[in-house]
Every structure is written in C-alpha cells, then in structure tokens.
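Engineer: Enclosed is the structure file entry_8.pdb (PDB, C-alpha atoms).
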```pdb
MODEL        1
ATOM      1  CA  MET A   5     -15.497-114.749  46.250  1.00  0.00           C
ATOM      2  CA  PHE A   6     -16.697-114.175  42.732  1.00  0.00           C
ATOM      3  CA  PHE A   7     -16.916-115.993  39.404  1.00  0.00           C
ATOM      4  CA  LYS A   8     -14.631-115.269  36.469  1.00  0.00           C
ATOM      5  CA  THR A   9     -15.016-116.775  33.001  1.00  0.00           C
ATOM      6  CA  ILE A  10     -11.651-118.007  31.716  1.00  0.00           C
ATOM      7  CA  ASP A  11     -11.080-119.171  28.156  1.00  0.00           C
ATOM      8  CA  PHE A  12      -8.573-121.996  28.590  1.00  0.00           C
ATOM      9  CA  SER A  13      -7.825-122.115  24.870  1.00  0.00           C
ATOM     10  CA  LYS A  14      -6.061-118.798  25.498  1.00  0.00           C
ATOM     11  CA  TYR A  15      -5.178-119.002  29.217  1.00  0.00           C
ATOM     12  CA  SER A  16      -3.578-122.445  29.467  1.00  0.00           C
ATOM     13  CA  SER A  17       0.000-122.830  28.268  1.00  0.00           C
ATOM     14  CA  ILE A  18      -0.966-125.668  25.900  1.00  0.00           C
ATOM     15  CA  LYS A  19      -3.844-123.570  24.472  1.00  0.00           C
ATOM     16  CA  ILE A  20      -6.470-126.295  24.850  1.00  0.00           C
ATOM     17  CA  GLY A  21      -9.835-125.942  26.537  1.00  0.00           C
ATOM     18  CA  GLN A  22     -12.967-123.843  26.451  1.00  0.00           C
ATOM     19  CA  PRO A  23     -14.465-120.952  28.425  1.00  0.00           C
ATOM     20  CA  ALA A  24     -15.310-122.053  31.970  1.00  0.00           C
ATOM     21  CA  LYS A  25     -16.613-120.301  35.058  1.00  0.00           C
ATOM     22  CA  VAL A  26     -13.920-120.327  37.727  1.00  0.00           C
ATOM     23  CA  LEU A  27     -14.637-119.380  41.351  1.00  0.00           C
ATOM     24  CA  MET A  28     -12.096-116.796  42.510  1.00  0.00           C
ATOM     25  CA  ILE A  29     -11.176-117.096  46.193  1.00  0.00           C
ATOM     26  CA  GLU A  30     -10.537-113.871  48.090  1.00  0.00           C
ATOM     27  CA  LYS A  31      -8.873-113.229  51.431  1.00  0.00           C
ATOM     28  CA  ASP A  32     -10.863-114.540  54.421  1.00  0.00           C
ATOM     29  CA  ASP A  33     -13.201-116.586  52.203  1.00  0.00           C
ATOM     30  CA  GLN A  34     -14.069-120.073  53.349  1.00  0.00           C
ATOM     31  CA  ILE A  35     -12.521-122.269  50.675  1.00  0.00           C
ATOM     32  CA  PRO A  36     -14.997-124.748  49.113  1.00  0.00           C
ATOM     33  CA  GLN A  37     -14.160-128.443  49.275  1.00  0.00           C
ATOM     34  CA  ASP A  38     -16.077-129.443  46.143  1.00  0.00           C
ATOM     35  CA  ARG A  39     -13.905-127.629  43.598  1.00  0.00           C
ATOM     36  CA  TYR A  40     -10.507-128.311  42.016  1.00  0.00           C
ATOM     37  CA  LEU A  41      -7.908-125.609  42.613  1.00  0.00           C
ATOM     38  CA  ILE A  42      -5.918-124.461  39.578  1.00  0.00           C
ATOM     39  CA  GLY A  43      -3.147-121.899  39.239  1.00  0.00           C
ATOM     40  CA  GLY A  44      -1.392-120.613  36.147  1.00  0.00           C
ATOM     41  CA  SER A  45      -2.505-123.621  34.029  1.00  0.00           C
ATOM     42  CA  ASN A  46       1.038-124.270  32.857  1.00  0.00           C
ATOM     43  CA  ASN A  47       0.871-128.036  33.409  1.00  0.00           C
ATOM     44  CA  LEU A  48      -2.845-128.495  32.842  1.00  0.00           C
ATOM     45  CA  LEU A  49      -4.755-130.349  30.123  1.00  0.00           C
ATOM     46  CA  LEU A  50      -8.425-129.472  30.398  1.00  0.00           C
ATOM     47  CA  SER A  51     -11.056-131.884  29.079  1.00  0.00           C
ATOM     48  CA  PRO A  52     -14.400-130.827  27.568  1.00  0.00           C
ATOM     49  CA  ASN A  53     -16.024-131.859  30.878  1.00  0.00           C
ATOM     50  CA  PRO A  54     -13.748-130.634  33.678  1.00  0.00           C
ATOM     51  CA  PRO A  55     -14.632-130.676  37.375  1.00  0.00           C
ATOM     52  CA  LEU A  56     -15.802-127.493  39.102  1.00  0.00           C
ATOM     53  CA  LEU A  57     -12.818-125.152  39.235  1.00  0.00           C
ATOM     54  CA  MET A  58     -11.538-122.463  41.580  1.00  0.00           C
ATOM     55  CA  MET A  59      -8.501-120.209  41.731  1.00  0.00           C
ATOM     56  CA  LEU A  60      -6.837-118.004  44.331  1.00  0.00           C
ATOM     57  CA  SER A  61      -7.394-114.325  43.532  1.00  0.00           C
ATOM     58  CA  LYS A  62      -4.775-111.567  43.527  1.00  0.00           C
ATOM     59  CA  ASP A  63      -5.292-111.318  47.292  1.00  0.00           C
ATOM     60  CA  PHE A  64      -2.842-114.235  47.476  1.00  0.00           C
ATOM     61  CA  SER A  65      -0.324-112.744  45.037  1.00  0.00           C
ATOM     62  CA  THR A  66       1.834-111.262  47.793  1.00  0.00           C
ATOM     63  CA  ILE A  67       5.449-111.343  48.886  1.00  0.00           C
ATOM     64  CA  GLY A  68       7.204-109.795  51.870  1.00  0.00           C
ATOM     65  CA  GLN A  69       9.676-110.267  54.713  1.00  0.00           C
ATOM     66  CA  GLU A  70       8.959-110.827  58.382  1.00  0.00           C
ATOM     67  CA  ASP A  71      12.000-111.168  60.635  1.00  0.00           C
ATOM     68  CA  ASP A  72      14.188-113.827  58.950  1.00  0.00           C
ATOM     69  CA  MET A  73      11.340-115.250  56.865  1.00  0.00           C
ATOM     70  CA  LEU A  74      10.149-114.581  53.330  1.00  0.00           C
ATOM     71  CA  ILE A  75       6.368-115.047  53.154  1.00  0.00           C
ATOM     72  CA  ILE A  76       4.868-115.597  49.698  1.00  0.00           C
ATOM     73  CA  GLY A  77       1.238-115.974  48.644  1.00  0.00           C
ATOM     74  CA  ALA A  78       0.388-119.080  46.640  1.00  0.00           C
ATOM     75  CA  ALA A  79      -0.924-117.037  43.681  1.00  0.00           C
ATOM     76  CA  MET A  80       2.403-115.225  43.249  1.00  0.00           C
ATOM     77  CA  PRO A  81       3.898-115.846  39.763  1.00  0.00           C
ATOM     78  CA  THR A  82       7.326-117.462  39.813  1.00  0.00           C
ATOM     79  CA  GLY A  83       8.822-114.702  37.678  1.00  0.00           C
ATOM     80  CA  ARG A  84       7.963-112.080  40.271  1.00  0.00           C
ATOM     81  CA  ILE A  85       9.447-114.261  43.017  1.00  0.00           C
ATOM     82  CA  VAL A  86      12.756-114.391  41.144  1.00  0.00           C
ATOM     83  CA  SER A  87      12.675-110.619  40.574  1.00  0.00           C
ATOM     84  CA  TYR A  88      12.075-109.973  44.273  1.00  0.00           C
ATOM     85  CA  ALA A  89      14.836-112.374  45.304  1.00  0.00           C
ATOM     86  CA  LYS A  90      17.281-110.701  42.928  1.00  0.00           C
ATOM     87  CA  LYS A  91      16.361-107.192  44.087  1.00  0.00           C
ATOM     88  CA  HIS A  92      16.761-108.126  47.768  1.00  0.00           C
ATOM     89  CA  ASN A  93      19.818-110.391  47.266  1.00  0.00           C
ATOM     90  CA  ILE A  94      18.035-113.547  48.479  1.00  0.00           C
ATOM     91  CA  SER A  95      19.397-116.923  47.368  1.00  0.00           C
ATOM     92  CA  GLY A  96      17.625-120.206  46.663  1.00  0.00           C
ATOM     93  CA  PHE A  97      15.009-119.070  44.150  1.00  0.00           C
ATOM     94  CA  GLU A  98      17.190-118.919  41.035  1.00  0.00           C
ATOM     95  CA  PHE A  99      15.755-122.206  39.696  1.00  0.00           C
ATOM     96  CA  CYS A 100      12.247-120.707  39.671  1.00  0.00           C
ATOM     97  CA  SER A 101      13.260-118.724  36.584  1.00  0.00           C
ATOM     98  CA  LYS A 102      13.034-122.000  34.648  1.00  0.00           C
ATOM     99  CA  LEU A 103       9.515-122.764  35.875  1.00  0.00           C
ATOM    100  CA  PRO A 104       6.384-120.906  34.729  1.00  0.00           C
ATOM    101  CA  GLY A 105       3.231-120.656  36.833  1.00  0.00           C
ATOM    102  CA  THR A 106       2.603-119.763  40.454  1.00  0.00           C
ATOM    103  CA  LEU A 107       4.041-120.735  43.823  1.00  0.00           C
ATOM    104  CA  GLY A 108       0.939-122.805  44.598  1.00  0.00           C
ATOM    105  CA  GLY A 109       1.522-125.017  41.590  1.00  0.00           C
ATOM    106  CA  MET A 110       5.161-125.457  42.570  1.00  0.00           C
ATOM    107  CA  LEU A 111       4.180-126.516  46.080  1.00  0.00           C
ATOM    108  CA  ALA A 112       1.532-128.967  44.859  1.00  0.00           C
ATOM    109  CA  MET A 113       4.001-130.877  42.680  1.00  0.00           C
ATOM    110  CA  ASN A 114       7.304-130.094  44.436  1.00  0.00           C
ATOM    111  CA  ALA A 115       8.414-128.474  41.206  1.00  0.00           C
ATOM    112  CA  GLY A 116      12.074-128.236  40.399  1.00  0.00           C
ATOM    113  CA  VAL A 117      14.922-128.302  37.915  1.00  0.00           C
ATOM    114  CA  LYS A 118      17.581-130.995  38.189  1.00  0.00           C
ATOM    115  CA  GLU A 119      18.628-131.134  41.881  1.00  0.00           C
ATOM    116  CA  TYR A 120      16.783-127.915  42.763  1.00  0.00           C
ATOM    117  CA  GLU A 121      13.271-128.385  44.220  1.00  0.00           C
ATOM    118  CA  ILE A 122      10.924-126.053  46.084  1.00  0.00           C
ATOM    119  CA  PHE A 123      10.805-128.317  49.150  1.00  0.00           C
ATOM    120  CA  ASN A 124      14.600-128.010  49.465  1.00  0.00           C
ATOM    121  CA  ILE A 125      14.210-124.379  50.533  1.00  0.00           C
ATOM    122  CA  LEU A 126      10.691-124.482  52.003  1.00  0.00           C
ATOM    123  CA  HIS A 127      10.209-123.823  55.729  1.00  0.00           C
ATOM    124  CA  SER A 128       6.428-124.169  56.113  1.00  0.00           C
ATOM    125  CA  VAL A 129       3.111-123.933  54.269  1.00  0.00           C
ATOM    126  CA  GLU A 130      -0.210-122.466  55.328  1.00  0.00           C
ATOM    127  CA  ILE A 131      -2.747-125.183  54.504  1.00  0.00           C
ATOM    128  CA  ASN A 132      -6.422-124.650  55.265  1.00  0.00           C
ATOM    129  CA  GLY A 133      -5.428-121.773  57.557  1.00  0.00           C
ATOM    130  CA  LYS A 134      -2.843-123.721  59.575  1.00  0.00           C
ATOM    131  CA  TRP A 135       0.957-123.498  59.264  1.00  0.00           C
ATOM    132  CA  ILE A 136       2.631-126.867  58.719  1.00  0.00           C
ATOM    133  CA  LEU A 137       6.375-127.469  58.603  1.00  0.00           C
ATOM    134  CA  ALA A 138       7.718-128.708  55.273  1.00  0.00           C
ATOM    135  CA  GLU A 139       9.272-131.764  56.926  1.00  0.00           C
ATOM    136  CA  GLU A 140       5.827-132.838  58.123  1.00  0.00           C
ATOM    137  CA  ILE A 141       4.450-132.920  54.555  1.00  0.00           C
ATOM    138  CA  GLU A 142       4.977-136.110  52.578  1.00  0.00           C
ATOM    139  CA  HIS A 143       6.785-135.197  49.376  1.00  0.00           C
ATOM    140  CA  GLY A 144       9.208-136.521  46.793  1.00  0.00           C
ATOM    141  CA  TYR A 145      10.097-136.222  43.130  1.00  0.00           C
ATOM    142  CA  ARG A 146       7.367-134.117  41.530  1.00  0.00           C
ATOM    143  CA  PHE A 147       4.740-134.735  44.198  1.00  0.00           C
ATOM    144  CA  ALA A 148       3.619-133.364  47.538  1.00  0.00           C
ATOM    145  CA  LYS A 149       0.659-134.478  49.629  1.00  0.00           C
ATOM    146  CA  LEU A 150      -0.483-131.112  50.947  1.00  0.00           C
ATOM    147  CA  GLY A 151      -3.774-132.482  52.260  1.00  0.00           C
ATOM    148  CA  GLY A 152      -5.607-129.222  51.605  1.00  0.00           C
ATOM    149  CA  ILE A 153      -5.384-125.800  49.955  1.00  0.00           C
ATOM    150  CA  ALA A 154      -2.046-124.015  50.312  1.00  0.00           C
ATOM    151  CA  THR A 155      -2.472-120.237  50.539  1.00  0.00           C
ATOM    152  CA  HIS A 156       0.973-119.040  51.701  1.00  0.00           C
ATOM    153  CA  ALA A 157       4.472-120.398  52.229  1.00  0.00           C
ATOM    154  CA  ARG A 158       7.444-119.349  54.344  1.00  0.00           C
ATOM    155  CA  PHE A 159      11.123-119.574  53.465  1.00  0.00           C
ATOM    156  CA  LYS A 160      14.084-118.823  55.723  1.00  0.00           C
ATOM    157  CA  ILE A 161      15.996-115.941  54.139  1.00  0.00           C
ATOM    158  CA  GLN A 162      19.507-116.736  52.926  1.00  0.00           C
ATOM    159  CA  ASN A 163      21.483-113.923  51.339  1.00  0.00           C
ATOM    160  CA  GLY A 164      23.468-114.133  48.107  1.00  0.00           C
ATOM    161  CA  PHE A 165      21.447-114.221  44.879  1.00  0.00           C
ATOM    162  CA  ASN A 166      23.433-116.256  42.334  1.00  0.00           C
ATOM    163  CA  GLN A 167      23.225-114.640  38.891  1.00  0.00           C
ATOM    164  CA  THR A 168      25.576-117.223  37.379  1.00  0.00           C
ATOM    165  CA  LEU A 169      23.301-120.061  38.492  1.00  0.00           C
ATOM    166  CA  LEU A 170      20.274-118.183  37.159  1.00  0.00           C
ATOM    167  CA  GLU A 171      21.844-117.835  33.727  1.00  0.00           C
ATOM    168  CA  SER A 172      22.983-121.466  33.580  1.00  0.00           C
ATOM    169  CA  LEU A 173      19.463-122.665  34.416  1.00  0.00           C
ATOM    170  CA  LEU A 174      17.934-120.353  31.819  1.00  0.00           C
ATOM    171  CA  ASN A 175      20.269-121.866  29.228  1.00  0.00           C
ATOM    172  CA  LEU A 176      18.540-125.203  29.782  1.00  0.00           C
ATOM    173  CA  ARG A 177      15.556-123.759  27.932  1.00  0.00           C
ATOM    174  CA  SER A 178      17.493-123.892  24.661  1.00  0.00           C
ATOM    175  CA  ASN A 179      16.365-127.502  24.102  1.00  0.00           C
ATOM    176  CA  GLN A 180      12.712-126.767  24.854  1.00  0.00           C
ATOM    177  CA  PRO A 181      10.166-125.962  22.139  1.00  0.00           C
ATOM    178  CA  SER A 182       8.655-122.488  21.942  1.00  0.00           C
ATOM    179  CA  LEU A 183       5.314-123.801  20.679  1.00  0.00           C
ATOM    180  CA  PRO A 184       2.394-123.985  23.147  1.00  0.00           C
ATOM    181  CA  SER A 185       2.830-126.937  25.516  1.00  0.00           C
ATOM    182  CA  ALA A 186       2.208-127.987  29.107  1.00  0.00           C
ATOM    183  CA  GLY A 187       5.900-128.532  29.789  1.00  0.00           C
ATOM    184  CA  SER A 188       7.156-132.036  30.487  1.00  0.00           C
ATOM    185  CA  VAL A 189       4.255-134.460  30.069  1.00  0.00           C
ATOM    186  CA  PHE A 190       5.806-137.333  32.049  1.00  0.00           C
ATOM    187  CA  LYS A 191       7.995-137.564  35.122  1.00  0.00           C
ATOM    188  CA  ASN A 192      11.472-138.911  34.505  1.00  0.00           C
ATOM    189  CA  PRO A 193      11.672-142.543  35.655  1.00  0.00           C
ATOM    190  CA  GLU A 194      14.398-143.173  38.202  1.00  0.00           C
ATOM    191  CA  GLY A 195      17.764-143.265  36.450  1.00  0.00           C
ATOM    192  CA  ASP A 196      16.343-142.421  33.040  1.00  0.00           C
ATOM    193  CA  TYR A 197      14.599-139.707  31.020  1.00  0.00           C
ATOM    194  CA  ALA A 198      11.046-139.813  29.712  1.00  0.00           C
ATOM    195  CA  GLY A 199      12.117-137.960  26.571  1.00  0.00           C
ATOM    196  CA  ARG A 200      14.737-140.602  25.781  1.00  0.00           C
ATOM    197  CA  LEU A 201      12.186-143.392  26.213  1.00  0.00           C
ATOM    198  CA  ILE A 202       9.571-141.688  24.028  1.00  0.00           C
ATOM    199  CA  GLU A 203      12.181-141.091  21.341  1.00  0.00           C
ATOM    200  CA  GLY A 204      13.421-144.677  21.704  1.00  0.00           C
ATOM    201  CA  ALA A 205       9.868-145.913  21.172  1.00  0.00           C
ATOM    202  CA  GLY A 206       9.833-144.092  17.840  1.00  0.00           C
ATOM    203  CA  LEU A 207       7.405-141.327  18.791  1.00  0.00           C
ATOM    204  CA  LYS A 208       9.567-138.201  18.582  1.00  0.00           C
ATOM    205  CA  GLY A 209       7.745-135.967  16.101  1.00  0.00           C
ATOM    206  CA  ALA A 210       4.677-138.247  16.050  1.00  0.00           C
ATOM    207  CA  ARG A 211       1.505-136.307  15.330  1.00  0.00           C
ATOM    208  CA  LYS A 212      -2.239-136.641  15.786  1.00  0.00           C
ATOM    209  CA  GLY A 213      -4.242-133.774  14.337  1.00  0.00           C
ATOM    210  CA  ASP A 214      -2.501-130.589  15.486  1.00  0.00           C
ATOM    211  CA  MET A 215      -0.864-132.223  18.526  1.00  0.00           C
ATOM    212  CA  GLN A 216       2.684-133.519  18.239  1.00  0.00           C
ATOM    213  CA  TRP A 217       5.473-134.995  20.346  1.00  0.00           C
ATOM    214  CA  SER A 218       8.022-132.244  19.830  1.00  0.00           C
ATOM    215  CA  GLU A 219      10.891-132.787  17.423  1.00  0.00           C
ATOM    216  CA  MET A 220      13.074-130.735  19.803  1.00  0.00           C
ATOM    217  CA  HIS A 221      12.293-132.568  23.050  1.00  0.00           C
ATOM    218  CA  ALA A 222      10.265-135.778  22.907  1.00  0.00           C
ATOM    219  CA  ASN A 223       8.675-135.300  26.370  1.00  0.00           C
ATOM    220  CA  PHE A 224       6.998-132.063  25.267  1.00  0.00           C
ATOM    221  CA  LEU A 225       3.566-132.342  23.668  1.00  0.00           C
ATOM    222  CA  VAL A 226       3.134-129.263  21.493  1.00  0.00           C
ATOM    223  CA  ASN A 227       0.084-127.638  19.969  1.00  0.00           C
ATOM    224  CA  LEU A 228       0.667-126.791  16.303  1.00  0.00           C
ATOM    225  CA  GLY A 229      -2.370-124.548  16.105  1.00  0.00           C
ATOM    226  CA  LYS A 230      -5.757-126.167  16.646  1.00  0.00           C
ATOM    227  CA  GLY A 231      -4.826-129.094  18.871  1.00  0.00           C
ATOM    228  CA  SER A 232      -7.630-130.807  20.782  1.00  0.00           C
ATOM    229  CA  PHE A 233      -7.903-132.541  24.131  1.00  0.00           C
ATOM    230  CA  HIS A 234      -8.732-135.869  22.484  1.00  0.00           C
ATOM    231  CA  ASP A 235      -5.717-135.745  20.170  1.00  0.00           C
ATOM    232  CA  ALA A 236      -3.456-134.831  23.099  1.00  0.00           C
ATOM    233  CA  LEU A 237      -4.842-137.669  25.196  1.00  0.00           C
ATOM    234  CA  TYR A 238      -4.404-140.097  22.301  1.00  0.00           C
ATOM    235  CA  LEU A 239      -0.690-139.261  22.051  1.00  0.00           C
ATOM    236  CA  ILE A 240      -0.208-139.461  25.818  1.00  0.00           C
ATOM    237  CA  ASN A 241      -1.770-142.921  25.965  1.00  0.00           C
ATOM    238  CA  LEU A 242       0.142-144.000  22.861  1.00  0.00           C
ATOM    239  CA  ALA A 243       3.441-142.999  24.470  1.00  0.00           C
ATOM    240  CA  LYS A 244       2.624-144.942  27.644  1.00  0.00           C
ATOM    241  CA  GLU A 245       1.708-148.005  25.604  1.00  0.00           C
ATOM    242  CA  LYS A 246       4.735-147.884  23.283  1.00  0.00           C
ATOM    243  CA  VAL A 247       7.261-147.138  26.041  1.00  0.00           C
ATOM    244  CA  TYR A 248       5.956-149.979  28.197  1.00  0.00           C
ATOM    245  CA  LYS A 249       6.069-152.372  25.261  1.00  0.00           C
ATOM    246  CA  ALA A 250       9.612-151.331  24.306  1.00  0.00           C
ATOM    247  CA  PHE A 251      11.208-150.813  27.713  1.00  0.00           C
ATOM    248  CA  GLY A 252       8.843-152.217  30.367  1.00  0.00           C
ATOM    249  CA  VAL A 253       8.578-148.759  31.965  1.00  0.00           C
ATOM    250  CA  ASP A 254       5.290-147.304  33.224  1.00  0.00           C
ATOM    251  CA  LEU A 255       5.400-143.589  32.442  1.00  0.00           C
ATOM    252  CA  GLN A 256       3.692-141.408  35.054  1.00  0.00           C
ATOM    253  CA  GLU A 257       2.094-138.112  34.050  1.00  0.00           C
ATOM    254  CA  GLU A 258       3.583-134.911  35.391  1.00  0.00           C
ATOM    255  CA  ILE A 259       0.829-132.811  33.847  1.00  0.00           C
ATOM    256  CA  LYS A 260      -2.646-132.690  35.386  1.00  0.00           C
ATOM    257  CA  ILE A 261      -5.473-133.978  33.205  1.00  0.00           C
ATOM    258  CA  LEU A 262      -8.885-132.705  34.282  1.00  0.00           C
TER     259      LEU A 262
ENDMDL
END
```
Could you spell out this file's structure in structure tokens?
Structural biologist:
Amino acid sequence: MFFKTIDFSKYSSIKIGQPAKVLMIEKDDQIPQDRYLIGGSNNLLLSPNPPLLMMLSKDFSTIGQEDDMLIIGAAMPTGRIVSYAKKHNISGFEFCSKLPGTLGGMLAMNAGVKEYEIFNILHSVEINGKWILAEEIEHGYRFAKLGGIATHARFKIQNGFNQTLLESLLNLRSNQPSLPSAGSVFKNPEGDYAGRLIEGAGLKGARKGDMQWSEMHANFLVNLGKGSFHDALYLINLAKEKVYKAFGVDLQEEIKIL
C-alpha cells in the first residue's frame, strides 16, 4: 500500500473538495478498518474535514473469464466493463453505460437505471477475502449492505450484447446536465420522482453561490464554477425541508456526504 495525494476539486465529478492523502490498497494488502473506501468519486460530496480515505489501486482494475463466470475487480471503470461485454458478446451490462464510476461503487449502492440494477445480474462478491452469494447480501433500491470491502465480483456469462438497449439507455442522458455534478442527489421515493418533488417545491434552478439545482433536471445539483461544500449542503438541506413541507416526503440522499 502507498499514499497518493488526490485533489478532489479536480477528481470528483462535482468538482468540490481539496487535496487529501488517500491510502491506495494493493493486491494482498491487509485492508485497514479505520478508513472510508472511495471509488471514482462520482456520487461523492467531500467536506473540508473528511474521514481518513482509502482506494483500491489498479491491482483491482481487472476483468476476465473463468469457465462460465465473468470476474471483475472492484476498481474496474464501468465504461471498460461495457466495452469488454460488447467485444465478447456478453449481455446484461448495457445499463452500465449510463453509470459513471467503478464496479465497487455500483455494488455498494446497487446502482442501476430504471429496472436494471447490478444485483439483478450479480452472482457473488468477494468481501474481505471471502466469496458471498448475491442472494445472501441484503440489498434493495440504491443500497446494499456488503458488510465489508468488496474487491471482486462474479457474474454468470450470458451471451447476446444488446446494442439497441445500450443506445436507448444512452439516450436517457439527454435530460441530464453536462455541468459538474454528483448525479442524482436523492433517491426516488416509491412511486414518485425526487426531481418532480424538488421542482414542485419551487427549487428548480435555485442557487446558492455557485451551486444550483439544475434547470434541466431538478434532482441534479450542479457546480457553476466555484461551488463549495457548504453551499451544496445548504441546497440539499433546503430541498429536504421544502419537499417535506410541501409533500410530506422525506427525501433520502443517494450521494455520499463525507
């Protein structure tokens, strides 16, 4: 293991944060229990005083086939997973094209698009060095209780990459802002949409400093240039307060605030 200084104002997708020393975990290292594991920082809002951080190194950015299983390292970027699946005519991973980040982040939050979720195709996960079947891991809409550090995952290979599905999912991006953001801030409440509620509470386009609830999609908090953690947090709390007052709905964060 080794330390790497990462400037989160450049590395994170929302472009907020400061340089921080991150412990990089290599193959066969004993993983510390006193640090918070991060991945591609695509759904992360880092405070000025974050916990101790660690990240899986490129040793875990692997992908390959063994018998009828596809084995992927948790540090593998989703884009490369889709490319591999397309090249080898493997189905089930088309929805990953819509999701930035790494496999580890997808596993930790059961990431997905519409009815497609990672746990739908997952066979098992290596957690703290032990393989655990997906059905034995408590999970649901945008959450999974891994109970440890996931380093690899296995998927049963199904042939038939679906290019049409890939393109239809990519088209969903047309209503998402291109400005720096952390993706959807809140989970969609059952039977409703967080973006609709935020807009209904009058906050679409609302701004604090250089942070703004997007005018394209109200559940996206965008950085207009020099957005700060405190301004982002203000808008997040404001949305929760206004939506509860207007609709009686408790919005739950999808992003991770550290």
Engineer: Spell out the residues picked by the PyMOL selection byres ((chain A and resi 21-29) around 6) here, as an NGL selection string.
Structural biologist: :A and (5-13 or 20 or 30 or 50 or 57-61)
Engineer: Between A:Ile153, A:Leu170, A:Met73, A:Ile42, which residue has the minimum interatomic distance to A:Gly109, considering all atoms listed in the file?
Structural biologist: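 Of A:Ile153, A:Leu170, A:Met73, A:Ile42, the one nearest A:Gly109, counting all atoms listed in the file, is A:Ile42.
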Engineer: Taking into account only C-alpha atoms, which residue in the set A:Leu225, A:Leu242, A:Ala115, A:Leu201 is nearest to A:Gly187?
Structural biologist: A:Leu225
Engineer: What's around A:Leu126 at 8 Å? Count all atoms listed in the file, leave out sequence neighbours fewer than 2 positions away in its own chain, and write the answer as a PyMOL selection string.
Structural biologist: chain A and resi 122-124+128-129+138+157-160
Engineer: Written as number ranges by chain, which residues does the PyMOL selection byres ((chain A and resi 86) around 8) give for the file shown?
Structural biologist: A: 82-85, 87-90, 97-98, 100-101
Engineer: Just the number, please: distance in Å from atom CA of A:Gly231 to atom CA of A:Lys19, one decimal.
Structural biologist: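 Between atom CA of A:Gly231 and atom CA of A:Lys19 the gap is 7.9 Å.
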Engineer: Which is closest to A:Ile75 among A:Ser188, A:Gln256, A:Thr155, A:Ser45, if we use all atoms listed in the file?
Structural biologist: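 Ranking A:Ser188, A:Gln256, A:Thr155, A:Ser45 by distance to A:Ile75, first place goes to A:Thr155.
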Engineer: Kindly indicate which residue among A:Gly199, A:Gly213, A:Pro81, A:Gly133 lies nearest to A:Asp235, using all atoms listed in the file for the distances.
Structural biologist: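 Closest candidate: A:Gly213.
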Engineer: From the set A:Glu194, A:Glu139, A:Pro36, A:Pro54, which residue has the shortest atom-to-atom contact distance to A:Lys260, counting all atoms listed in the file?
Structural biologist: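 So, comparing all the options, the nearest one is A:Pro54.
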Engineer: Within 7 Å of A:Gly108, counting all atoms listed in the file, which residues show up once you throw out same-chain ones fewer than 6 positions away? Write them as a list in words, please.
Structural biologist: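 Final neighbour list, sorted by chain and number: Gly43, Ala78, Ala79 and Ala154 of chain A.
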Engineer: Looking at A:Gly229, A:Gly164, A:Gly152, A:Gly252, which one is nearest to A:Gln216, with distances taken over all atoms listed in the file?
Structural biologist: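 Closest candidate: A:Gly229.
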Engineer: Around all the atoms of stretch 137-140 of chain A listed in the file, draw an axis-aligned box and extend it by 6 Å on each of the six sides; I want its centre and edge lengths in Å to one decimal, as JSON.
Structural biologist:
```
{"center_x": 7.5, "center_y": -130.2, "center_z": 56.9, "size_x": 15.4, "size_y": 17.4, "size_z": 15.3}
```
Engineer: Find the distance between atom CA of A:Leu48 and atom CA of A:Ser16 and write it in Å to one decimal.
Structural biologist: 7.0 Å
Engineer: To one decimal place, how far is atom CA of A:Asp196 from atom CA of A:Leu107 in Å?
Structural biologist: 27.2 Å
Engineer: Just the residues within 6 Å of A:Met215, please, counting all atoms listed in the file, with nothing from its chain fewer than 4 positions along; format it as number ranges by chain.
Structural biologist: A: 211, 226-227, 231, 236
Engineer: Near A:Ala205, within 10 Å and counting all atoms listed in the file, which residues show up once chain neighbours fewer than 6 positions away are dropped, as a short mmCIF file (atom, residue, chain, number, x, y, z; two decimals) with C-alpha atoms, keeping the file's coordinate frame?
Structural biologist:
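Done, and the output landed in result-v3.cif:
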```cif
data_model
loop_
_atom_site.label_atom_id
_atom_site.label_comp_id
_atom_site.auth_asym_id
_atom_site.auth_seq_id
_atom_site.Cartn_x
_atom_site.Cartn_y
_atom_site.Cartn_z
CA GLY A 199 12.12 -137.96 26.57
CA ALA A 243 3.44 -143.00 24.47
CA LYS A 244 2.62 -144.94 27.64
CA GLU A 245 1.71 -148.00 25.60
CA LYS A 246 4.74 -147.88 23.28
CA VAL A 247 7.26 -147.14 26.04
CA TYR A 248 5.96 -149.98 28.20
CA LYS A 249 6.07 -152.37 25.26
CA ALA A 250 9.61 -151.33 24.31
CA PHE A 251 11.21 -150.81 27.71
#
```
